[in-house]
Every structure is written in structure tokens, then in C-alpha cells.
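Chemist: Before we start, here is the structure in question, set down as C-alpha cells.
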Amino acid sequence: MRTREFGRTGRKVSEIGFGAWAIGAAWGEVNDEEALAALHAALDTGVTFIDTADVYGDGHSERLIAKVMRERGGERPYIATKAGRRLPAQSVEGYSSENLNDWIERSLKNLETDCLDLVQLHCPPTDLYYHPEVFERLDRLVDQGKIRNYGVSVERIEEALKAIEYPGVVSVQIIFNAFRQRPIEHFFKQAEEKKVAIIARVPLASGLLSGKFKKDSKFEANDHRLFNRNGEAFDVGETFSGVPYEVGLEAVERVRPLVSSDTTMAKFALRWILMFDAVTVAIPGARNPQQASSNAEAASLPAISAGAMREIKSIYDTYIKQYVHQRW
């Protein structure tokens, strides 16, 4: 497993991380034994970055991670969590010193540690990025030794660009995959210049880019790919990257011929993300050890050819761009 510098932190992390949303909630039924085995398998392959949040299963994801850390012992991977979505309604006022402290204390307990590696504001309102006092509160939490670093998880490019104006922001988590290419245009350059780490989330477009879905594929009632398909519960961009399902299926069929017979479309899609030096780590989810191991293997694939990269850009421009490019 290759590693990349995690921004200005002095840490290096694996190019492929472990996204722990799926083992917490909202991706269908969660089997804890399989989830724990998936975490172990990822770490066994050399994964050194885990991303979770305090609301994934109401803390269940964080507690599962803590259990694996107890079982393994030794050096801990870099564990990133998020805070802010516990608010009943999103508002700038909700990110008060009291609330931030309460959220951090809860994650410290769930993750069984006395200092969190990275805390990310969890897709807060756009207006928050224009309130420096919120970032000053995070600075105080660093000074108090409760968090080592902080970053943001964003929905929009505007939010990402504004966030990295704050010197304490060491990372930006953003949706980036072959069906969400806008970050390439301007944001990547800005982040590289400021030495800000980029965490690529939803790297497989909620599984669309695995190539396994069909028009009649069924999703469980508690899977966001069913209940949030039109943005009913949270930002629709988090589900299939905001791409209409049938449109995404058509675009996937155009990508499929580019994938060689000795790999999978999911690995190919992850390798595409790693073609961009600005990206620090991609965080696919996994609910069983087979998925976790397969995701990690993407880092060892050879570079994608220039011709294939151009073709993927053409597929995006033709089928996807009109639905997502200016929206986020």
C-alpha cells in the first residue's frame, strides 16, 4: 500500500482508506461481525486511515472502530471523525462552543481515546464558512489537547475554497469520483498550494461505479440509495453522487469497456481517483472483509492510460456533467 502526505500534519496515510459510514447505518442491514472483520481486513492490507462520524449509527461506527483498536493493539491508524450533524436542524448558531465540546467529548468516549486525530465539521451550512469564530473555537479545542487537527467535510466547491482560507483547516473531505469531476478544475490546485489534504468520499458513487447495479436492482428500506434517491433525507449529492440512477447506469456501460479483464470496475474507479496527485486518500466503504481487501488492491493497479483518462472525461461531459457540475 502506497502512502501520501496528509497535508501539513506531518502524517502519512494509505492512499486507500476505510469509509465507516456503511458499518454504522443507512446502507441496509449492518452485521457487526462482518463489519469488524472488514475493519481488520482493511488494516491487514496496510490501510492506515479510517473515516467515521458521530452520527453513523448514532456512534455505533465509532464504537466498532474502538473495539477493533482494542483487539489489535499496537500503533493506531489515523482516525478521522466528524461533528455537527447531531443538531436537530442545521444552523450556524448550533456550532457553539458548548455543542462542539459536547460532540468532541462524546467521540472521545466512543473512540476510547484522550485526543482525536482529526475532527471534521460535517457538511455544515454554507454560511458557517463566513463565521471565523467557529474556527477559533476549533483552535481552542486543539490548544486544550482534545483534537490534534481539524478539517471540514463539504458539499460544495464554494465551501471548500472558503474553508481553506482558515489556516487551521488541514483537510477537506469532498465528493470526488469519475461522475463528480468539478474539483479538478480549480479546487485541487488551491488545495495543493496550501498543502491541504483532500479526502475523496463517495468514491464509487454509492456503488454505481462498481458496475454491479441494474435498473431493477433492489435496495433495503434503510438504505439511503432507496430513501434518499431524491434528497428526501439529506443532500441528494450524497446518493449516487447526485446523478439520476438511470443516467448513471447508462454512463457505467460506457466506462465498462475501458476496464481490463483482470480487474474490477470498482478497483478501476478507485485507481482513477488516485491518478490525481492532489488527492490524499480515497475512502470507499466496506461491509465485509472481501470488499475491504478488494478496495485496498486498487492502489496496486498500474496507472490508467492517457487515452482511457480522456475517454472517461468524454463520458462525464456527455452523460453526467449537465446534472451535477454546477450544482455542487
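In the C-alpha cells, chains take the letters A, B, ... in the order shown, each chain's residues start at 1, and ligands count up from 1 in the order shown.
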Based on the backbone DSSP call, show me all residues of segment 35-283 of chain A assigned helix (DSSP H, G or I), as JSON, numbers by chain.
Modeler: {"A": [35, 36, 37, 38, 39, 40, 41, 42, 43, 44, 60, 61, 62, 63, 64, 65, 66, 67, 68, 69, 70, 71, 72, 92, 93, 94, 97, 98, 99, 100, 101, 102, 103, 104, 105, 106, 107, 108, 109, 110, 126, 127, 128, 129, 130, 132, 133, 134, 135, 136, 137, 138, 139, 140, 141, 142, 143, 157, 158, 159, 160, 161, 162, 163, 182, 183, 184, 187, 188, 189, 190, 191, 192, 193, 205, 206, 207, 208, 209, 210, 224, 225, 226, 227, 236, 237, 238, 240, 241, 242, 245, 246, 247, 248, 249, 250, 251, 252, 253, 254, 255, 256, 257, 258, 265, 266, 267, 268, 269, 270, 271, 272, 273, 274]}
Chemist: Near Gly242 of chain A, counting only C-alpha atoms, which residues have an atom at most 8 Å away, once you skip same-chain residues fewer than 4 positions from it, shown as number ranges by chain?
Modeler: A: 236-238, 323-324
Chemist: Suppose you want the space between atom CA of Pro132 of chain A and atom CA of Lys162 of chain A; what is it in Å?
Modeler: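 Atom-to-atom, atom CA of Pro132 of chain A and atom CA of Lys162 of chain A are spaced 10.7 Å apart.
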Chemist: For Ala191 of chain A, which residue out of A:Ser153, A:Thr280, A:Ser260, A:Asn99 is the nearest one, using only C-alpha atoms?
Modeler: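 Closest to Ala191 of chain A of all the choices is A:Thr280.
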Chemist: For segment 64-78 of chain A, list every protein, DNA or RNA residue within 9 Å, evaluated using only C-alpha atoms, and leave out those in the same chain fewer than 4 positions away; present the list as a PyMOL selection string.
Modeler: chain A and resi 11-13+20+23-24+32+35-37+39-40+43+47-52+59-60+110-113+117-118
Chemist: Pick out the closest residue to Tyr316 of chain A from this set: A:Glu158, A:Glu250, A:Asp114, A:Asp216. Count only C-alpha atoms.
Modeler: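 Using only C-alpha atoms, the shortest distance to Tyr316 of chain A belongs to A:Glu250.
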